[in-house]
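Everything below belongs to target.txt, which stores compact mmCIF, C-alpha atoms.
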```txt
# COMPACT_ATOMS: atom_id res chain seq x y z
CA MET A 1 -36.39 -25.75 -0.23
CA ILE A 2 -38.98 -24.08 1.95
CA THR A 3 -38.72 -21.06 4.19
CA ASP A 4 -37.32 -23.11 7.08
CA ASP A 5 -34.50 -24.25 4.80
CA LEU A 6 -33.81 -20.67 3.85
CA ILE A 7 -33.57 -19.81 7.54
CA THR A 8 -31.05 -22.62 7.98
CA ALA A 9 -28.94 -21.14 5.19
CA LEU A 10 -29.15 -17.65 6.71
CA VAL A 11 -28.09 -18.95 10.10
CA ALA A 12 -25.10 -20.68 8.49
CA ASP A 13 -24.17 -17.30 6.99
CA LEU A 14 -24.28 -15.48 10.34
CA GLY A 15 -20.51 -15.49 10.77
CA ILE A 16 -18.94 -12.40 12.20
CA SER A 17 -21.32 -9.48 12.08
CA SER A 18 -20.63 -6.95 9.37
CA VAL A 19 -19.52 -3.36 9.95
CA ARG A 20 -22.06 -1.28 11.89
CA LEU A 21 -23.68 1.47 9.93
CA GLN A 22 -22.44 4.34 12.09
CA ARG A 23 -18.84 3.49 11.34
CA THR A 24 -19.55 3.09 7.63
CA PHE A 25 -20.93 6.61 7.46
CA ALA A 26 -18.07 8.10 9.44
CA LEU A 27 -15.62 6.43 7.06
CA ALA A 28 -17.55 7.49 3.96
CA LEU A 29 -17.68 11.14 5.07
CA ALA A 30 -13.97 11.13 5.89
CA MET A 31 -13.06 9.53 2.57
CA GLY A 32 -15.37 11.83 0.61
CA SER A 33 -13.92 14.91 2.30
CA VAL A 34 -10.37 13.75 1.61
CA LEU A 35 -11.21 13.30 -2.08
CA ALA A 36 -12.83 16.73 -2.28
CA VAL A 37 -9.94 18.42 -0.46
CA ALA A 38 -7.40 16.68 -2.71
CA ALA A 39 -9.25 17.76 -5.86
CA PHE A 40 -9.54 21.26 -4.46
CA PHE A 41 -5.82 21.74 -3.82
CA LEU A 42 -4.83 19.96 -7.01
CA TRP A 43 -6.95 21.98 -9.39
CA ILE A 44 -8.55 24.93 -7.61
CA GLY A 45 -6.85 26.33 -4.51
CA PHE A 46 -7.54 29.23 -2.12
CA ARG A 47 -8.17 32.69 -3.43
CA PRO A 48 -4.95 34.75 -3.46
CA ASP A 49 -6.15 37.27 -0.88
CA ILE A 50 -7.43 34.74 1.64
CA ALA A 51 -5.50 36.30 4.54
CA GLN A 52 -7.37 39.60 4.19
CA ALA A 53 -10.62 37.84 3.41
CA LEU A 54 -10.44 35.97 6.71
CA GLU A 55 -10.94 39.29 8.47
CA THR A 56 -14.23 40.07 6.77
CA VAL A 57 -17.60 38.99 8.08
CA ARG A 58 -19.02 38.29 4.65
CA PHE A 59 -16.30 35.77 3.81
CA LEU A 60 -16.57 33.96 7.14
CA PHE A 61 -20.35 33.87 6.98
CA LYS A 62 -20.20 31.75 3.83
CA PHE A 63 -18.74 28.95 5.93
CA VAL A 64 -21.40 29.30 8.59
CA VAL A 65 -23.97 28.62 5.87
CA THR A 66 -22.17 25.81 4.04
CA LEU A 67 -21.01 23.99 7.17
CA SER A 68 -24.43 24.15 8.75
CA LEU A 69 -25.84 22.67 5.55
CA ALA A 70 -23.34 19.80 5.58
CA ALA A 71 -23.92 19.08 9.27
CA THR A 72 -27.72 19.17 9.25
CA ALA A 73 -27.96 17.16 6.03
CA THR A 74 -25.65 14.52 7.51
CA GLY A 75 -27.93 14.13 10.51
CA PHE A 76 -30.86 13.65 8.16
CA LEU A 77 -28.97 11.22 5.93
CA VAL A 78 -27.90 8.74 8.60
CA ARG A 79 -31.50 8.46 9.73
CA LEU A 80 -32.72 7.81 6.21
CA ALA A 81 -30.31 4.90 5.92
CA ARG A 82 -31.92 2.94 8.76
CA PRO A 83 -35.34 1.36 8.35
CA GLY A 84 -37.93 2.33 10.94
CA VAL A 85 -36.13 5.32 12.43
CA SER A 86 -38.39 8.33 12.75
CA LEU A 87 -36.99 11.39 11.04
CA GLY A 88 -38.48 13.89 13.46
CA LEU A 89 -37.05 17.38 13.26
CA TRP A 90 -34.10 16.19 11.19
CA ARG A 91 -36.39 16.32 8.19
CA TRP A 92 -36.36 20.11 8.47
CA ALA A 93 -32.99 20.80 10.07
CA TRP A 94 -31.22 21.54 6.77
CA LEU A 95 -33.50 24.57 6.36
CA VAL A 96 -31.29 26.29 8.93
CA ALA A 97 -28.78 27.00 6.15
CA PRO A 98 -31.17 28.82 3.78
CA LEU A 99 -32.68 30.67 6.75
CA LEU A 100 -29.28 31.92 7.85
CA LEU A 101 -28.61 32.96 4.30
CA ALA A 102 -31.94 34.75 4.01
CA PHE A 103 -31.09 36.68 7.16
CA ALA A 104 -27.75 37.69 5.62
CA VAL A 105 -29.45 38.78 2.41
CA VAL A 106 -31.83 41.05 4.31
CA THR A 107 -28.91 42.55 6.22
CA GLU A 108 -26.97 43.12 2.98
CA LEU A 109 -29.93 44.85 1.38
CA ALA A 110 -30.25 47.06 4.46
CA VAL A 111 -26.62 48.17 4.61
CA MET A 112 -25.71 48.41 0.92
CA PRO A 113 -27.04 51.08 -1.49
CA ALA A 114 -29.45 49.78 -4.10
CA ALA A 115 -27.12 50.59 -6.96
CA THR A 116 -24.64 47.96 -5.77
CA TRP A 117 -27.17 45.16 -5.43
CA TRP A 118 -27.16 43.94 -9.00
CA PRO A 119 -23.35 43.88 -9.52
CA ARG A 120 -22.96 42.10 -6.20
CA LEU A 121 -25.54 39.50 -7.16
CA VAL A 122 -24.00 38.82 -10.57
CA GLY A 123 -20.46 38.83 -9.25
CA SER A 124 -17.68 37.50 -11.43
CA ASN A 125 -17.61 33.81 -10.53
CA ALA A 126 -21.07 32.58 -11.40
CA ARG A 127 -19.85 30.07 -13.93
CA ALA A 128 -17.08 28.80 -11.65
CA CYS A 129 -19.61 28.38 -8.85
CA LEU A 130 -21.98 26.38 -11.03
CA THR A 131 -19.26 24.03 -12.25
CA LEU A 132 -16.83 23.72 -9.35
CA ILE A 133 -19.38 22.90 -6.63
CA PRO A 134 -20.83 19.97 -8.63
CA PHE A 135 -17.29 18.90 -9.55
CA LEU A 136 -16.08 18.89 -5.94
CA SER A 137 -19.25 17.01 -4.94
CA ILE A 138 -18.42 13.96 -7.02
CA GLY A 139 -16.09 12.32 -4.48
CA PRO A 140 -18.26 12.89 -1.38
CA LEU A 141 -21.38 11.87 -3.29
CA ALA A 142 -19.83 8.61 -4.46
CA CYS A 143 -18.66 7.80 -0.92
CA THR A 144 -22.00 8.56 0.72
CA PHE A 145 -23.72 6.43 -1.92
CA LEU A 146 -21.48 3.49 -1.00
CA ALA A 147 -22.44 3.99 2.64
CA LEU A 148 -26.13 4.19 1.71
CA ARG A 149 -25.88 0.95 -0.23
CA HIS A 150 -24.51 -0.65 2.91
CA GLY A 151 -27.52 0.82 4.69
CA ALA A 152 -31.16 0.22 3.84
CA PRO A 153 -32.93 3.42 2.79
CA THR A 154 -36.64 2.74 2.35
CA ARG A 155 -36.89 5.97 0.34
CA PRO A 156 -34.04 5.66 -2.15
CA GLY A 157 -34.76 8.84 -4.12
CA LEU A 158 -34.95 11.02 -1.03
CA ALA A 159 -31.82 9.40 0.43
CA GLY A 160 -29.97 10.12 -2.83
CA ALA A 161 -31.13 13.75 -2.79
CA VAL A 162 -30.04 14.25 0.83
CA ALA A 163 -26.69 12.62 0.00
CA GLY A 164 -26.47 15.34 -2.67
CA LEU A 165 -27.05 17.98 0.03
CA VAL A 166 -24.30 16.52 2.21
CA ALA A 167 -21.86 16.27 -0.69
CA SER A 168 -22.56 19.76 -1.98
CA GLY A 169 -22.33 21.13 1.57
CA ILE A 170 -18.78 19.81 1.72
CA ALA A 171 -18.03 20.99 -1.82
CA ALA A 172 -19.48 24.47 -1.22
CA THR A 173 -17.37 24.85 1.93
CA LEU A 174 -14.22 24.30 -0.11
CA TYR A 175 -15.40 26.36 -3.03
CA ALA A 176 -16.24 29.28 -0.73
CA SER A 177 -12.55 29.58 0.16
CA HIS A 178 -11.72 29.94 -3.54
CA CYS A 179 -14.45 32.33 -4.60
CA THR A 180 -13.91 36.09 -4.30
CA ASP A 181 -17.62 36.90 -4.37
CA ASP A 182 -18.62 37.15 -0.73
CA SER A 183 -21.88 39.06 -0.92
CA PRO A 184 -24.85 37.12 0.44
CA LEU A 185 -26.62 38.27 -2.73
CA PHE A 186 -24.18 36.23 -4.81
CA VAL A 187 -24.21 33.27 -2.43
CA ALA A 188 -28.01 33.15 -2.26
CA THR A 189 -28.29 33.22 -6.04
CA TRP A 190 -25.63 30.85 -7.32
CA TYR A 191 -24.88 28.41 -4.52
CA PRO A 192 -28.45 27.07 -4.38
CA LEU A 193 -28.40 26.57 -8.15
CA ALA A 194 -25.13 24.63 -7.98
CA ILE A 195 -26.36 22.63 -4.98
CA GLY A 196 -29.65 22.00 -6.76
CA ILE A 197 -27.79 20.33 -9.63
CA VAL A 198 -26.10 17.95 -7.20
CA VAL A 199 -29.31 17.24 -5.29
CA LEU A 200 -31.14 16.46 -8.52
CA ALA A 201 -28.35 14.14 -9.64
CA GLY A 202 -28.47 12.47 -6.22
CA TYR A 203 -32.22 12.00 -6.48
CA VAL A 204 -32.05 10.42 -9.93
CA ALA A 205 -29.11 8.19 -9.05
CA GLY A 206 -30.69 7.28 -5.72
CA SER A 207 -33.96 6.15 -7.26
CA ARG A 208 -31.91 3.88 -9.48
CA TYR A 209 -29.01 2.60 -7.41
CA LEU A 210 -30.17 2.70 -3.82
CA ARG A 211 -32.96 0.13 -4.09
CA TRP A 212 -32.48 -3.08 -2.14
CA MET B 1 -54.87 -4.01 24.78
CA GLY B 2 -54.14 -7.69 25.28
CA TYR B 3 -51.95 -7.87 22.31
CA SER B 4 -50.07 -4.65 22.73
CA VAL B 5 -48.55 -6.16 25.85
CA LYS B 6 -47.92 -9.34 23.94
CA ARG B 7 -46.37 -7.38 21.13
CA ARG B 8 -44.02 -5.54 23.43
CA GLU B 9 -42.98 -8.82 25.01
CA SER B 10 -42.23 -10.47 21.71
CA GLU B 11 -40.34 -7.43 20.52
CA GLU B 12 -38.18 -7.47 23.60
CA ALA B 13 -37.52 -11.15 23.11
CA TRP B 14 -36.57 -10.57 19.48
CA ALA B 15 -34.26 -7.73 20.41
CA ALA B 16 -32.51 -9.91 22.98
CA LEU B 17 -32.11 -12.73 20.46
CA MET B 18 -30.82 -10.39 17.80
CA ARG B 19 -28.30 -8.84 20.17
CA ALA B 20 -27.00 -12.31 20.92
CA ALA B 21 -26.93 -13.06 17.19
CA VAL B 22 -24.86 -9.96 16.49
CA ASN B 23 -22.32 -11.42 18.88
CA GLY B 24 -22.25 -14.63 16.90
CA ASP B 25 -24.84 -16.77 18.71
CA ALA B 26 -26.23 -18.93 15.88
CA GLY B 27 -28.81 -20.62 18.11
CA ALA B 28 -30.30 -17.28 19.09
CA TYR B 29 -30.32 -16.20 15.47
CA ARG B 30 -32.19 -19.32 14.40
CA GLN B 31 -34.72 -18.78 17.15
CA PHE B 32 -35.14 -15.15 16.12
CA LEU B 33 -35.78 -15.94 12.45
CA ALA B 34 -37.95 -18.97 13.22
CA SER B 35 -40.23 -17.06 15.57
CA LEU B 36 -40.39 -14.08 13.24
CA ALA B 37 -41.30 -16.04 10.10
CA PRO B 38 -44.87 -17.02 11.13
CA VAL B 39 -45.65 -13.43 12.07
CA LEU B 40 -44.36 -12.15 8.74
CA ARG B 41 -46.30 -14.91 7.00
CA ALA B 42 -49.62 -14.04 8.60
CA THR B 43 -49.27 -10.41 7.63
CA ALA B 44 -48.06 -11.14 4.11
CA ARG B 45 -50.96 -13.52 3.52
CA ARG B 46 -53.52 -11.10 4.79
CA ASN B 47 -52.19 -8.29 2.64
CA CYS B 48 -51.66 -10.40 -0.46
CA ALA B 49 -55.11 -11.94 -0.19
CA ARG B 50 -56.63 -8.51 0.00
CA VAL B 51 -55.29 -7.60 -3.44
CA GLY B 52 -55.85 -11.01 -4.93
CA LEU B 53 -52.34 -12.43 -4.83
CA ASP B 54 -52.01 -16.07 -3.79
CA GLY B 55 -50.26 -17.71 -0.86
CA GLY B 56 -47.21 -18.54 -2.95
CA GLU B 57 -46.74 -14.87 -3.60
CA ALA B 58 -47.06 -14.18 0.12
CA GLU B 59 -44.42 -16.79 0.88
CA ASP B 60 -42.12 -15.08 -1.60
CA VAL B 61 -42.59 -11.85 0.34
CA VAL B 62 -41.75 -13.68 3.59
CA GLN B 63 -38.56 -15.09 2.11
CA GLU B 64 -37.54 -11.79 0.60
CA THR B 65 -38.13 -10.08 3.94
CA LEU B 66 -36.05 -12.67 5.78
CA LEU B 67 -33.25 -12.25 3.25
CA ALA B 68 -33.36 -8.47 3.69
CA ILE B 69 -33.39 -8.73 7.48
CA HIS B 70 -30.37 -10.98 7.22
CA LEU B 71 -28.39 -8.93 4.71
CA LYS B 72 -29.24 -5.62 6.40
CA ARG B 73 -29.02 -6.72 10.02
CA HIS B 74 -26.24 -4.23 10.72
CA THR B 75 -28.72 -1.40 10.09
CA TRP B 76 -30.56 -2.16 13.31
CA ASP B 77 -29.23 0.14 16.02
CA LEU B 78 -28.83 -2.14 19.04
CA ASP B 79 -30.08 0.58 21.36
CA ARG B 80 -33.35 1.14 19.53
CA PRO B 81 -36.50 -0.99 19.67
CA ILE B 82 -36.43 -3.71 17.03
CA GLY B 83 -40.14 -3.67 16.15
CA PRO B 84 -40.13 -0.55 13.97
CA TRP B 85 -37.04 -1.80 12.16
CA ILE B 86 -38.64 -5.13 11.28
CA THR B 87 -41.91 -3.45 10.33
CA ALA B 88 -40.18 -1.00 8.01
CA ILE B 89 -38.28 -3.76 6.20
CA ALA B 90 -41.34 -6.02 5.87
CA ARG B 91 -43.43 -3.14 4.64
CA HIS B 92 -40.76 -2.08 2.17
CA LYS B 93 -40.57 -5.59 0.72
CA LEU B 94 -44.33 -6.00 0.52
CA ILE B 95 -44.82 -2.63 -1.17
CA ASP B 96 -42.03 -3.42 -3.59
CA ARG B 97 -43.68 -6.63 -4.70
CA LEU B 98 -47.17 -5.17 -4.94
CA ARG B 99 -45.86 -2.27 -6.94
CA HIS B 100 -44.27 -4.61 -9.43
CA ARG B 101 -47.47 -6.59 -9.59
CA GLY B 102 -49.40 -3.40 -10.22
CA ARG B 103 -51.48 -3.94 -7.05
CA TRP B 104 -49.96 -1.26 -4.92
CA LYS B 105 -52.78 1.24 -5.17
CA GLU B 106 -55.35 -1.33 -4.10
CA LEU B 107 -53.86 -1.90 -0.69
CA PRO B 108 -55.04 -0.03 2.37
CA ILE B 109 -51.89 -0.29 4.41
CA ASP B 110 -53.24 0.77 7.77
CA ASP B 111 -52.88 -2.85 8.75
CA MET B 112 -49.16 -2.75 8.26
CA ASP B 113 -48.79 -0.95 11.55
CA ASN B 114 -50.02 -4.08 13.19
CA ILE B 115 -47.63 -6.28 11.33
CA LEU B 116 -46.10 -7.68 14.47
CA VAL B 117 -49.23 -8.63 16.34
CA ALA B 118 -50.50 -11.33 13.99
CA GLU B 119 -51.00 -14.53 15.90
CA GLY B 120 -52.86 -17.78 15.97
CA THR B 121 -52.90 -18.11 12.22
CA ASP B 122 -52.39 -21.18 10.15
CA ASN B 123 -48.68 -21.65 9.83
CA THR B 124 -48.31 -24.28 7.15
CA GLN B 125 -45.78 -23.19 4.61
CA GLU B 126 -46.66 -23.07 1.00
CA ARG B 127 -44.13 -25.10 -0.83
CA VAL B 128 -43.17 -22.34 -3.18
CA ASP B 129 -40.86 -23.05 -5.97
CA VAL B 130 -37.69 -21.78 -4.36
CA ASP B 131 -35.89 -24.44 -6.33
CA ARG B 132 -36.66 -22.32 -9.35
CA MET B 133 -34.52 -19.61 -7.72
CA LEU B 134 -31.87 -22.03 -6.62
CA ASP B 135 -31.59 -23.37 -10.14
CA LYS B 136 -30.63 -19.94 -11.38
CA LEU B 137 -27.59 -19.85 -9.12
CA ASP B 138 -24.46 -21.31 -10.63
CA GLY B 139 -23.66 -24.96 -9.88
CA ARG B 140 -21.22 -24.40 -7.06
CA GLN B 141 -23.39 -21.90 -5.23
CA ARG B 142 -26.44 -24.12 -5.61
CA ASP B 143 -24.60 -27.09 -4.12
CA LEU B 144 -23.46 -24.93 -1.24
CA VAL B 145 -26.87 -23.55 -0.40
CA ARG B 146 -28.48 -27.00 -0.70
CA SER B 147 -25.81 -28.48 1.49
CA VAL B 148 -26.19 -26.03 4.39
CA SER B 149 -29.97 -25.79 4.13
CA ILE B 150 -32.00 -28.72 2.81
CA GLU B 151 -29.29 -31.25 3.56
CA GLY B 152 -28.65 -29.62 6.90
CA ARG B 153 -24.87 -29.90 6.89
CA SER B 154 -22.65 -27.56 8.84
CA VAL B 155 -20.23 -25.23 7.11
CA GLN B 156 -17.37 -27.49 8.23
CA GLU B 157 -18.95 -30.62 6.79
CA THR B 158 -19.78 -28.82 3.58
CA ALA B 159 -16.22 -27.62 3.25
CA LYS B 160 -14.93 -31.15 3.63
CA ARG B 161 -17.43 -32.58 1.18
CA LEU B 162 -16.81 -29.98 -1.51
CA ASN B 163 -13.09 -30.04 -0.85
CA MET B 164 -12.94 -26.33 -0.05
CA SER B 165 -11.51 -24.44 2.88
CA GLU B 166 -13.98 -23.35 5.54
CA GLY B 167 -13.26 -19.70 4.80
CA ALA B 168 -13.92 -20.22 1.10
CA VAL B 169 -17.24 -21.89 1.92
CA ARG B 170 -18.26 -18.95 4.09
CA VAL B 171 -17.38 -16.42 1.42
CA ALA B 172 -19.10 -18.42 -1.33
CA LEU B 173 -22.19 -18.98 0.82
CA HIS B 174 -22.47 -15.28 1.54
CA ARG B 175 -22.22 -14.54 -2.18
CA ALA B 176 -24.84 -17.17 -2.93
CA ILE B 177 -27.25 -15.61 -0.45
CA LYS B 178 -26.70 -12.20 -1.97
CA GLY B 179 -27.27 -13.78 -5.37
CA LEU B 180 -30.51 -15.33 -4.14
CA ASN B 181 -31.63 -11.94 -2.91
CA ALA B 182 -30.87 -10.40 -6.31
CA LEU B 183 -32.84 -13.17 -8.04
CA TYR B 184 -35.86 -12.54 -5.85
CA ARG B 185 -35.69 -8.86 -6.58
CA ARG B 186 -35.54 -9.49 -10.30
CA GLY B 187 -38.27 -12.10 -10.00
CA SER B 188 -40.67 -9.62 -8.47
CA GLN B 189 -40.20 -7.14 -11.29
```
Just dump the structure as structure tokens.
Amino acid sequence: MITDDLITALVADLGISSVRLQRTFALALAMGSVLAVAAFFLWIGFRPDIAQALETVRFLFKFVVTLSLAATATGFLVRLARPGVSLGLWRWAWLVAPLLLAFAVVTELAVMPAATWWPRLVGSNARACLTLIPFLSIGPLACTFLALRHGAPTRPGLAGAVAGLVASGIAATLYASHCTDDSPLFVATWYPLAIGIVVLAGYVAGSRYLRW
Amino acid sequence: MGYSVKRRESEEAWAALMRAAVNGDAGAYRQFLASLAPVLRATARRNCARVGLDGGEAEDVVQETLLAIHLKRHTWDLDRPIGPWITAIARHKLIDRLRHRGRWKELPIDDMDNILVAEGTDNTQERVDVDRMLDKLDGRQRDLVRSVSIEGRSVQETAKRLNMSEGAVRVALHRAIKGLNALYRRGSQ
């Protein structure tokens, strides 16, 4: 069997073309979100005072940050899954989320007296934040990994890490509706740590399981 | 300058063939792979020779690249140019092999940008020991791959000969090709 024979075999295997990548990712994100939402309502749930919370800027701003992270990381991820697509500005787009958060932190420091800074930063949900965000990320991370395996990421570790950003963006959005600590000081301290755990796990798993 | 025009032309031709292939045109697909193989070969040989790997090794890279292009063909966005997609896959496969051979650091890869312009090179195929790979497939899969490749039978004829349904042959063939790809990957490590 020489290369020409291999080509003959490949042509015989042409068949009906397999699912396009775009659709795979849409499906994976939908499935991952469904899993995370199901886990959220099964075991976690909204905070009791969510109706009042919805009227506060601090609470709502958490979603601006987490949703912008999920959206920008998704744009980055789908490009990483295709060989030969230039990443362009998408490589940096996810930085929008930390920048927004940094802006909120500065504002918080400006409007709140210094004595309240430390208690606001420590909050009362640090442990929940560090465990629940990684927990809620499991479903979305698994689904995006399946989509990435259908794709062809030439940088498997990076693709795994960005999948971790997408998954924890979804997870943090849900978690934010449970957590009663709304100060940007809390969010800027604990969310990045929780997200970092997921990103690191994604990187390690990606280097291992996303090779092709 | 001469070959950048030539390159653009061949890329457009490949894209047209691949679009037809996505819609099920086997003839176009054969033409695409057959005209791509010599270009991949020239580049693989040049790069392998540079780090002291032989032609057989280069042919392995060509076959691995063709397998990857086949198994990942849905990752080409039909609206984008096909050249960068092919280059990225070929480069990925070459780097993978060199890395496992411990030759990665020795390769100046500037040339890889020109992967698609190689032309006028000797196109004889090294008879690499693909049979060694085939032998590692299980009996049924090996028969199937032999039947549709070396023996040149159609899927229908193969189905009849092996007393399988056509659908079963297609599924088994696809598995066998994935298996072959996995064997190559293990072989290069």
Inset, instruction - Report the distance between atom CA of Glu151 of chain B and atom CA of Lys178 of chain B in Å, rounded to one decimal place. - result: 20.0 Å
Inset, instruction - Record the distance separating atom CA of Ser68 of chain A and atom CA of Leu193 of chain A, expressed in Å with one decimal. - result: 17.5 Å
Inset, instruction - Please identify all polymer residues within 8 Å of Ala58 of chain B, counting only C-alpha atoms, omitting same-chain residues fewer than 2 positions from it, and present them as a PyMOL selection string. - result: chain B and resi 41+44-45+48+53-56+60-62
Just to be explicit: take each residue in the selection above, keep C-alpha atoms, and write the result as an mmCIF file, keeping the file's coordinate frame.
```cif
data_model
loop_
_atom_site.group_PDB
_atom_site.id
_atom_site.type_symbol
_atom_site.label_atom_id
_atom_site.label_comp_id
_atom_site.auth_asym_id
_atom_site.auth_seq_id
_atom_site.Cartn_x
_atom_site.Cartn_y
_atom_site.Cartn_z
ATOM 1 C CA ARG B 41 -46.300 -14.910 7.000
ATOM 2 C CA ALA B 44 -48.060 -11.140 4.110
ATOM 3 C CA ARG B 45 -50.960 -13.520 3.520
ATOM 4 C CA CYS B 48 -51.660 -10.400 -0.460
ATOM 5 C CA LEU B 53 -52.340 -12.430 -4.830
ATOM 6 C CA ASP B 54 -52.010 -16.070 -3.790
ATOM 7 C CA GLY B 55 -50.260 -17.710 -0.860
ATOM 8 C CA GLY B 56 -47.210 -18.540 -2.950
ATOM 9 C CA ASP B 60 -42.120 -15.080 -1.600
ATOM 10 C CA VAL B 61 -42.590 -11.850 0.340
ATOM 11 C CA VAL B 62 -41.750 -13.680 3.590
#
```
Contact check, chain B to chain A, at most 6 Å, counting all atoms listed in the file, closest pairs as a tab-separated table:
```
residue	atom	partner	partner_atom	distance
B:Val22	CA	A:Ser17	CA	5.7
B:Arg30	CA	A:Val11	CA	6.0
B:His74	CA	A:Arg20	CA	5.2
B:Thr75	CA	A:Arg82	CA	5.6
B:Pro84	CA	A:Gly84	CA	4.7
B:Trp85	CA	A:Gly84	CA	4.4
B:Ala88	CA	A:Gly84	CA	5.0
B:Arg127	CA	A:Ile2	CA	5.9
B:Val130	CA	A:Met1	CA	5.9
B:Val148	CA	A:Ala9	CA	5.7
B:Ser149	CA	A:Asp5	CA	4.8
B:Ile150	CA	A:Asp5	CA	5.5
```
Output file for the residues above (C-alpha atoms, as a short mmCIF file (atom, residue, chain, number, x, y, z; two decimals), in the coordinates of the input):
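And here is the file that came out, selection34.cif:
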```
data_model
loop_
_atom_site.label_atom_id
_atom_site.label_comp_id
_atom_site.auth_asym_id
_atom_site.auth_seq_id
_atom_site.Cartn_x
_atom_site.Cartn_y
_atom_site.Cartn_z
CA VAL B 22 -24.86 -9.96 16.49
CA ARG B 30 -32.19 -19.32 14.40
CA HIS B 74 -26.24 -4.23 10.72
CA THR B 75 -28.72 -1.40 10.09
CA PRO B 84 -40.13 -0.55 13.97
CA TRP B 85 -37.04 -1.80 12.16
CA ALA B 88 -40.18 -1.00 8.01
CA ARG B 127 -44.13 -25.10 -0.83
CA VAL B 130 -37.69 -21.78 -4.36
CA VAL B 148 -26.19 -26.03 4.39
CA SER B 149 -29.97 -25.79 4.13
CA ILE B 150 -32.00 -28.72 2.81
#
```
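Taking all atoms listed in the file into account, His70 of chain B lies nearest to B:Ala21 out of the set B:Ala15, B:Ile95, B:Ala21, B:Leu183.
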Legend entry - Spatial neighbours of segment 76-80 of chain A, 10 Å, all atoms listed in the file, chain gap at least 5 places, as a PyMOL selection string: chain A and resi 21-22+25-26+71+85-94+144+147-148+151-156+158-166
